[in-house]
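Notes to accompany the following structure.
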Amino acid sequence: MTATPDGEQVPVLSVRNLATGYGDLRVVWDVSLDVRPGRVTALLGRNGAGKTSTLRAVSGLNQVTAGSVLLAGEDVSRLPAHRRVRKGMAYVQEGKRVFHRQTVEQNLLLGGYTRGLRRGGLREAAEGVYELFPMLAERRGMLAGAMSGGQQQMLAIGQALMAKPTLLLLDEPSGGLAPVIVSEVMDRIEELKATGLGILLVEQAVEAAMRVADDVAVLEGGRVVLARQADRVNDLELLRDAYFGRVSATDS
């Protein structure tokens with residue numbers, strides 16, 4: 001694990017003064033945050049605050065129009081998405097995006113091709129995913145489209161893990177899921193960070209996100225208005241104030 005001269009861990013992700021948007025429309029103006037190995041940074045905010053746009057810029061799907069994205073200290077701001085994947089970044093987009101007409105195992109193997117592994121390596125990586133998600137092992141021959149929404153979400157995460165990332169970007173993994181399944185997803189996130197994986201988690205389910213978060217950043221109007229360690233957020237009232245613009249950047 002890389003460390004700075006003073007002994008601190010180098011963040012697996014450092015975003016500084018990030019701006020991005022769609023064409024001439026800028027929706028993210030100034031986002032700075034870090035994700036460290038073995039920690040979850042929760043990126044929170046209302047609908048339209050710029051959370052997904054931030055993830056898309058970090059992953060390379062949206063252009064970085066200002067600021068920088070550093071992966072393990074390397075500036076990847078101008079790299080295309082597939083090269084960021086090869087350098088250790090994985091992005092699970094909102095909406096349980098799996099190949100419905102492929103089996104569970106075929107979905108996982110497709111996720112591993114980005115590593116350039118031979119078949120034996122792919123099978124080994126799949127077994128690691130099955131250990132984390134035993135439910136997927138039981139359904140390895142089932143078509144992904146025949147599974148429940150919660151099972152498809154687990155598969156989408158498992159597919160991303162096949163590339164052996166050092167940084168995992170998760171966009172609304174609880175979306176559309178029953179509370180008991182949301183709890184299970186968060187349990188798996190806890191297990192993943194225990195392996196040393198750095199996780200940037202975008203969530204609307206604030207209480208669920210706070211359960212696993214080590215660090216928190218709140219977006220409002222495309223800017224970070226609150227950033228601090230999760231254990232320094234004593235109650236959800238502070239987060240509610242940040243959501244509705246009642247906390248200034250100087251309070252972060």
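Following the order of the structure tokens, first chain is A, next is B, and so on, with residues numbered from 1 inside each chain and ligands from 1 in the order they appear.
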
Determine, for each residue of segment 120-189 of chain A having at least one atom at most 8 Å from an atom of segment 200-221 of chain A, the closest pair of atoms and their separation in Å to one decimal, counting only C-alpha atoms; order by chain and ascending number, as JSON lines.
```
{"residue": "A:Leu167", "atom": "CA", "partner": "A:Leu200", "partner_atom": "CA", "distance": 7.6}
{"residue": "A:Leu168", "atom": "CA", "partner": "A:Leu200", "partner_atom": "CA", "distance": 6.3}
{"residue": "A:Leu169", "atom": "CA", "partner": "A:Leu200", "partner_atom": "CA", "distance": 4.9}
{"residue": "A:Leu170", "atom": "CA", "partner": "A:Leu201", "partner_atom": "CA", "distance": 4.9}
{"residue": "A:Asp171", "atom": "CA", "partner": "A:Val202", "partner_atom": "CA", "distance": 4.9}
{"residue": "A:Glu172", "atom": "CA", "partner": "A:Glu203", "partner_atom": "CA", "distance": 4.7}
{"residue": "A:Pro173", "atom": "CA", "partner": "A:Glu203", "partner_atom": "CA", "distance": 7.3}
{"residue": "A:Ser174", "atom": "CA", "partner": "A:Ala205", "partner_atom": "CA", "distance": 7.2}
{"residue": "A:Val182", "atom": "CA", "partner": "A:Ala208", "partner_atom": "CA", "distance": 7.6}
{"residue": "A:Ser183", "atom": "CA", "partner": "A:Ala208", "partner_atom": "CA", "distance": 7.3}
{"residue": "A:Met186", "atom": "CA", "partner": "A:Val212", "partner_atom": "CA", "distance": 6.8}
{"residue": "A:Ile189", "atom": "CA", "partner": "A:Val212", "partner_atom": "CA", "distance": 7.3}
```

Could you turn the residues from that selection into a file that holds C-alpha atoms, as an mmCIF file, in the first residue's frame?
```cif
data_model
loop_
_atom_site.group_PDB
_atom_site.id
_atom_site.type_symbol
_atom_site.label_atom_id
_atom_site.label_comp_id
_atom_site.auth_asym_id
_atom_site.auth_seq_id
_atom_site.Cartn_x
_atom_site.Cartn_y
_atom_site.Cartn_z
ATOM 1 C CA LEU A 167 -11.563 1.369 -6.423
ATOM 2 C CA LEU A 168 -15.266 0.550 -6.688
ATOM 3 C CA LEU A 169 -17.804 3.208 -7.705
ATOM 4 C CA LEU A 170 -21.370 2.311 -6.676
ATOM 5 C CA ASP A 171 -24.319 4.363 -7.920
ATOM 6 C CA GLU A 172 -27.518 3.870 -5.898
ATOM 7 C CA PRO A 173 -27.079 0.135 -5.147
ATOM 8 C CA SER A 174 -30.207 0.244 -2.962
ATOM 9 C CA VAL A 182 -30.804 -3.075 1.105
ATOM 10 C CA SER A 183 -29.434 -4.292 4.436
ATOM 11 C CA MET A 186 -24.764 -2.942 2.773
ATOM 12 C CA ILE A 189 -20.189 -3.486 1.097
#
```

* Asked: Could you name the residues that touch Gly222 of chain A at 12 Å or less, counting only C-alpha atoms, but leaving out those on the same chain fewer than 3 positions away, as number ranges by chain?
  -> A: 17-21, 25-32, 43-54, 217-219, 225, 243, 245

* Residue neighbourhood Val35 of chain A, 8 Å, only C-alpha atoms, exclusion window fewer than 5 positions, as a ChimeraX atom specification -> /A:11-14,40-41,198-200

Using N, CA and C atoms, can you write the selected residues to a file as a PDB file, in the first residue's frame?
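Dumped to result-v2.pdb:
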```
ATOM      1  N   PRO A  11      -4.446   8.176  -1.034  1.00  0.00           N
ATOM      2  CA  PRO A  11      -5.818   7.807  -1.386  1.00  0.00           C
ATOM      3  C   PRO A  11      -5.859   7.024  -2.690  1.00  0.00           C
ATOM      4  N   VAL A  12      -6.739   6.036  -2.743  1.00  0.00           N
ATOM      5  CA  VAL A  12      -6.906   5.308  -3.997  1.00  0.00           C
ATOM      6  C   VAL A  12      -7.574   6.217  -5.021  1.00  0.00           C
ATOM      7  N   LEU A  13      -8.348   7.205  -4.541  1.00  0.00           N
ATOM      8  CA  LEU A  13      -8.951   8.196  -5.421  1.00  0.00           C
ATOM      9  C   LEU A  13      -8.854   9.570  -4.775  1.00  0.00           C
ATOM     10  N   SER A  14      -8.395  10.535  -5.551  1.00  0.00           N
ATOM     11  CA  SER A  14      -8.417  11.939  -5.135  1.00  0.00           C
ATOM     12  C   SER A  14      -9.071  12.754  -6.236  1.00  0.00           C
ATOM     13  N   VAL A  40     -15.095   3.545   2.968  1.00  0.00           N
ATOM     14  CA  VAL A  40     -16.211   3.949   2.121  1.00  0.00           C
ATOM     15  C   VAL A  40     -16.412   5.454   2.260  1.00  0.00           C
ATOM     16  N   THR A  41     -16.379   6.153   1.133  1.00  0.00           N
ATOM     17  CA  THR A  41     -16.778   7.557   1.101  1.00  0.00           C
ATOM     18  C   THR A  41     -18.177   7.617   0.515  1.00  0.00           C
ATOM     19  N   GLY A 198     -11.206   0.370  -1.831  1.00  0.00           N
ATOM     20  CA  GLY A 198     -11.746   1.707  -1.625  1.00  0.00           C
ATOM     21  C   GLY A 198     -13.069   1.823  -2.360  1.00  0.00           C
ATOM     22  N   ILE A 199     -14.081   2.421  -1.717  1.00  0.00           N
ATOM     23  CA  ILE A 199     -15.427   2.467  -2.296  1.00  0.00           C
ATOM     24  C   ILE A 199     -15.966   3.890  -2.246  1.00  0.00           C
ATOM     25  N   LEU A 200     -16.442   4.366  -3.395  1.00  0.00           N
ATOM     26  CA  LEU A 200     -17.176   5.625  -3.469  1.00  0.00           C
ATOM     27  C   LEU A 200     -18.635   5.276  -3.713  1.00  0.00           C
TER      28      LEU A 200
END
```

* Asked: When distances are computed from only C-alpha atoms, which of A:Ala125, A:Leu197, A:Leu108, A:Ala178 shows the smallest separation from Gln159 of chain A?
  ->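 Closest to Gln159 of chain A of all the choices is A:Leu108.
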
* Could you pull out the strand (DSSP E or B) residues of segment 10-134 of chain A from DSSP and send them as an NGL selection string? -> :A and (13-22 or 25-35 or 40-45 or 64-71 or 74-75 or 89-92 or 103)

Since we have the selection now, will you write its residues out, keeping N, CA and C atoms, as a compact mmCIF listing (two decimals), in the first residue's frame?
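Saved the output as result_0.txt:
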```txt
# COMPACT_ATOMS: atom_id res chain seq x y z
N LEU A 13 -8.35 7.21 -4.54
CA LEU A 13 -8.95 8.20 -5.42
C LEU A 13 -8.85 9.57 -4.77
N SER A 14 -8.39 10.54 -5.55
CA SER A 14 -8.42 11.94 -5.13
C SER A 14 -9.07 12.75 -6.24
N VAL A 15 -10.15 13.41 -5.91
CA VAL A 15 -10.85 14.29 -6.84
C VAL A 15 -10.65 15.71 -6.33
N ARG A 16 -10.18 16.59 -7.22
CA ARG A 16 -9.91 17.95 -6.82
C ARG A 16 -10.57 18.95 -7.77
N ASN A 17 -11.46 19.78 -7.20
CA ASN A 17 -12.10 20.89 -7.93
C ASN A 17 -12.71 20.43 -9.25
N LEU A 18 -13.33 19.27 -9.21
CA LEU A 18 -13.89 18.66 -10.42
C LEU A 18 -15.08 19.45 -10.95
N ALA A 19 -15.11 19.64 -12.25
CA ALA A 19 -16.27 20.20 -12.95
C ALA A 19 -16.57 19.31 -14.15
N THR A 20 -17.85 19.12 -14.43
CA THR A 20 -18.26 18.29 -15.56
C THR A 20 -19.70 18.62 -15.91
N GLY A 21 -20.14 18.07 -17.03
CA GLY A 21 -21.52 18.29 -17.46
C GLY A 21 -21.80 17.52 -18.72
N TYR A 22 -22.76 18.04 -19.50
CA TYR A 22 -23.21 17.39 -20.72
C TYR A 22 -23.23 18.44 -21.83
N LEU A 25 -23.74 22.23 -21.06
CA LEU A 25 -24.43 22.34 -19.77
C LEU A 25 -23.55 21.80 -18.65
N ARG A 26 -23.08 22.67 -17.77
CA ARG A 26 -22.27 22.24 -16.62
C ARG A 26 -23.20 21.96 -15.45
N VAL A 27 -23.08 20.77 -14.86
CA VAL A 27 -23.94 20.40 -13.73
C VAL A 27 -23.14 20.18 -12.45
N VAL A 28 -21.83 19.96 -12.59
CA VAL A 28 -20.94 19.83 -11.43
C VAL A 28 -19.90 20.93 -11.54
N TRP A 29 -19.79 21.73 -10.48
CA TRP A 29 -18.96 22.93 -10.53
C TRP A 29 -17.68 22.81 -9.72
N ASP A 30 -17.73 22.15 -8.59
CA ASP A 30 -16.54 22.13 -7.71
C ASP A 30 -16.67 20.99 -6.70
N VAL A 31 -16.11 19.84 -7.05
CA VAL A 31 -16.18 18.67 -6.17
C VAL A 31 -14.76 18.21 -5.84
N SER A 32 -14.49 18.13 -4.56
CA SER A 32 -13.22 17.58 -4.07
C SER A 32 -13.54 16.53 -3.01
N LEU A 33 -12.92 15.36 -3.13
CA LEU A 33 -13.10 14.29 -2.14
C LEU A 33 -11.99 13.27 -2.30
N ASP A 34 -11.81 12.47 -1.26
CA ASP A 34 -10.84 11.38 -1.28
C ASP A 34 -11.54 10.07 -0.94
N VAL A 35 -11.01 8.99 -1.48
CA VAL A 35 -11.39 7.63 -1.07
C VAL A 35 -10.11 6.89 -0.73
N VAL A 40 -15.09 3.55 2.97
CA VAL A 40 -16.21 3.95 2.12
C VAL A 40 -16.41 5.45 2.26
N THR A 41 -16.38 6.15 1.13
CA THR A 41 -16.78 7.56 1.10
C THR A 41 -18.18 7.62 0.52
N ALA A 42 -19.13 8.11 1.30
CA ALA A 42 -20.51 8.23 0.83
C ALA A 42 -20.72 9.62 0.23
N LEU A 43 -21.19 9.65 -1.00
CA LEU A 43 -21.50 10.90 -1.69
C LEU A 43 -23.01 11.06 -1.70
N LEU A 44 -23.50 12.01 -0.92
CA LEU A 44 -24.93 12.17 -0.69
C LEU A 44 -25.42 13.48 -1.29
N GLY A 45 -26.73 13.57 -1.45
CA GLY A 45 -27.33 14.80 -1.96
C GLY A 45 -28.68 14.53 -2.58
N VAL A 64 -14.05 15.49 -18.01
CA VAL A 64 -13.63 16.38 -16.93
C VAL A 64 -13.30 17.72 -17.56
N THR A 65 -14.11 18.75 -17.27
CA THR A 65 -13.90 20.06 -17.90
C THR A 65 -13.02 20.97 -17.06
N ALA A 66 -12.86 20.64 -15.79
CA ALA A 66 -11.94 21.37 -14.91
C ALA A 66 -11.61 20.47 -13.73
N GLY A 67 -10.47 20.74 -13.10
CA GLY A 67 -10.07 19.94 -11.96
C GLY A 67 -9.36 18.66 -12.38
N SER A 68 -9.25 17.72 -11.44
CA SER A 68 -8.47 16.51 -11.72
C SER A 68 -9.04 15.30 -11.00
N VAL A 69 -8.73 14.12 -11.57
CA VAL A 69 -9.07 12.82 -10.98
C VAL A 69 -7.78 12.02 -10.90
N LEU A 70 -7.36 11.70 -9.69
CA LEU A 70 -6.13 10.93 -9.48
C LEU A 70 -6.48 9.55 -8.94
N LEU A 71 -5.95 8.52 -9.58
CA LEU A 71 -6.14 7.14 -9.15
C LEU A 71 -4.81 6.64 -8.62
N GLU A 74 -1.98 8.84 -9.60
CA GLU A 74 -1.77 9.09 -11.04
C GLU A 74 -2.95 9.86 -11.61
N ASP A 75 -2.67 10.91 -12.34
CA ASP A 75 -3.72 11.71 -12.95
C ASP A 75 -4.32 10.95 -14.14
N MET A 89 -10.09 0.72 -11.66
CA MET A 89 -11.37 1.37 -11.34
C MET A 89 -12.51 0.53 -11.89
N ALA A 90 -13.55 0.35 -11.09
CA ALA A 90 -14.76 -0.36 -11.53
C ALA A 90 -15.98 0.46 -11.16
N TYR A 91 -16.95 0.50 -12.06
CA TYR A 91 -18.13 1.35 -11.89
C TYR A 91 -19.39 0.51 -12.04
N VAL A 92 -20.18 0.44 -10.98
CA VAL A 92 -21.48 -0.23 -11.04
C VAL A 92 -22.54 0.86 -11.17
N THR A 103 -26.38 -16.23 -18.53
CA THR A 103 -26.45 -16.81 -17.20
C THR A 103 -25.63 -15.98 -16.21
```

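Between atom CA of Gln151 of chain A and atom CA of Ser59 of chain A the interatomic distance comes to 24.2 Å.
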
* To do: Once DSSP has gone over the backbone, tell me which residues of segment 64-245 of chain A are in helix (DSSP H, G or I), as a ChimeraX atom specification.
  => /A:81-86,104-115,119-132,134-138,144-146,149-161,179-194,206-212,230-232,236-243

* To do: For Gln153 of chain A, please output as a list in words all residues within 9 Å (counting only C-alpha atoms; exclusion window: fewer than 2 positions along the same chain).
  =>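 Once the nearby chain positions are removed, what remains is Gly95, Lys96, Arg97, Val98, Ser148, Gly149, Gly150, Gln151, Leu155, Ala156, Ile157, Gly158, Pro173, Ser174 and Val185 of chain A.
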
Write a file of the selected residues as a compact mmCIF listing (two decimals), in the first residue's frame, keeping C-alpha atoms.
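What follows is the written file again-v4.txt:
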```txt
# COMPACT_ATOMS: atom_id res chain seq x y z
CA GLY A 95 -30.23 0.24 -12.48
CA LYS A 96 -28.76 -3.27 -12.07
CA ARG A 97 -27.15 -3.34 -15.51
CA VAL A 98 -26.58 -7.01 -16.25
CA SER A 148 -34.98 -10.73 -8.48
CA GLY A 149 -33.87 -7.10 -8.44
CA GLY A 150 -31.75 -7.67 -5.34
CA GLN A 151 -30.05 -10.68 -6.89
CA LEU A 155 -24.57 -9.84 -9.76
CA ALA A 156 -23.78 -6.34 -11.06
CA ILE A 157 -21.40 -5.81 -8.14
CA GLY A 158 -19.89 -9.26 -8.62
CA PRO A 173 -27.08 0.13 -5.15
CA SER A 174 -30.21 0.24 -2.96
CA VAL A 185 -26.28 -5.13 0.06
```

* **Shell around Phe133 of chain A at 9 Å using only C-alpha atoms, local window under 4 positions removed, as a ChimeraX atom specification** => /A:128-129,137,154-155,158,188

* **Phe99 of chain A surroundings by only C-alpha atoms, 9 Å radius, close-in-sequence under 6 positions cut, as a ChimeraX atom specification** => /A:106-107,143-145

* What is the atom CA of Val10 of chain A-atom CA of Thr195 of chain A distance in Å, reported with one decimal? ->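 Taking atom CA of Val10 of chain A as the start and atom CA of Thr195 of chain A as the end point, the length is 16.7 Å.
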
* To do: Record the distance separating atom CA of Met142 of chain A and atom CA of Gln102 of chain A, expressed in Å with one decimal.
  => 8.2 Å

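Proximity ranking of A:Pro134, A:Gly60, A:Gly196, A:Pro37 relative to Arg78 of chain A places A:Gly60 first, based on only C-alpha atoms.
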
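Among the candidate residues A:Leu161, A:Ala227, A:Leu122, A:Leu132, the one lying nearest to Glu190 of chain A is A:Leu132, with distances computed using only C-alpha atoms.
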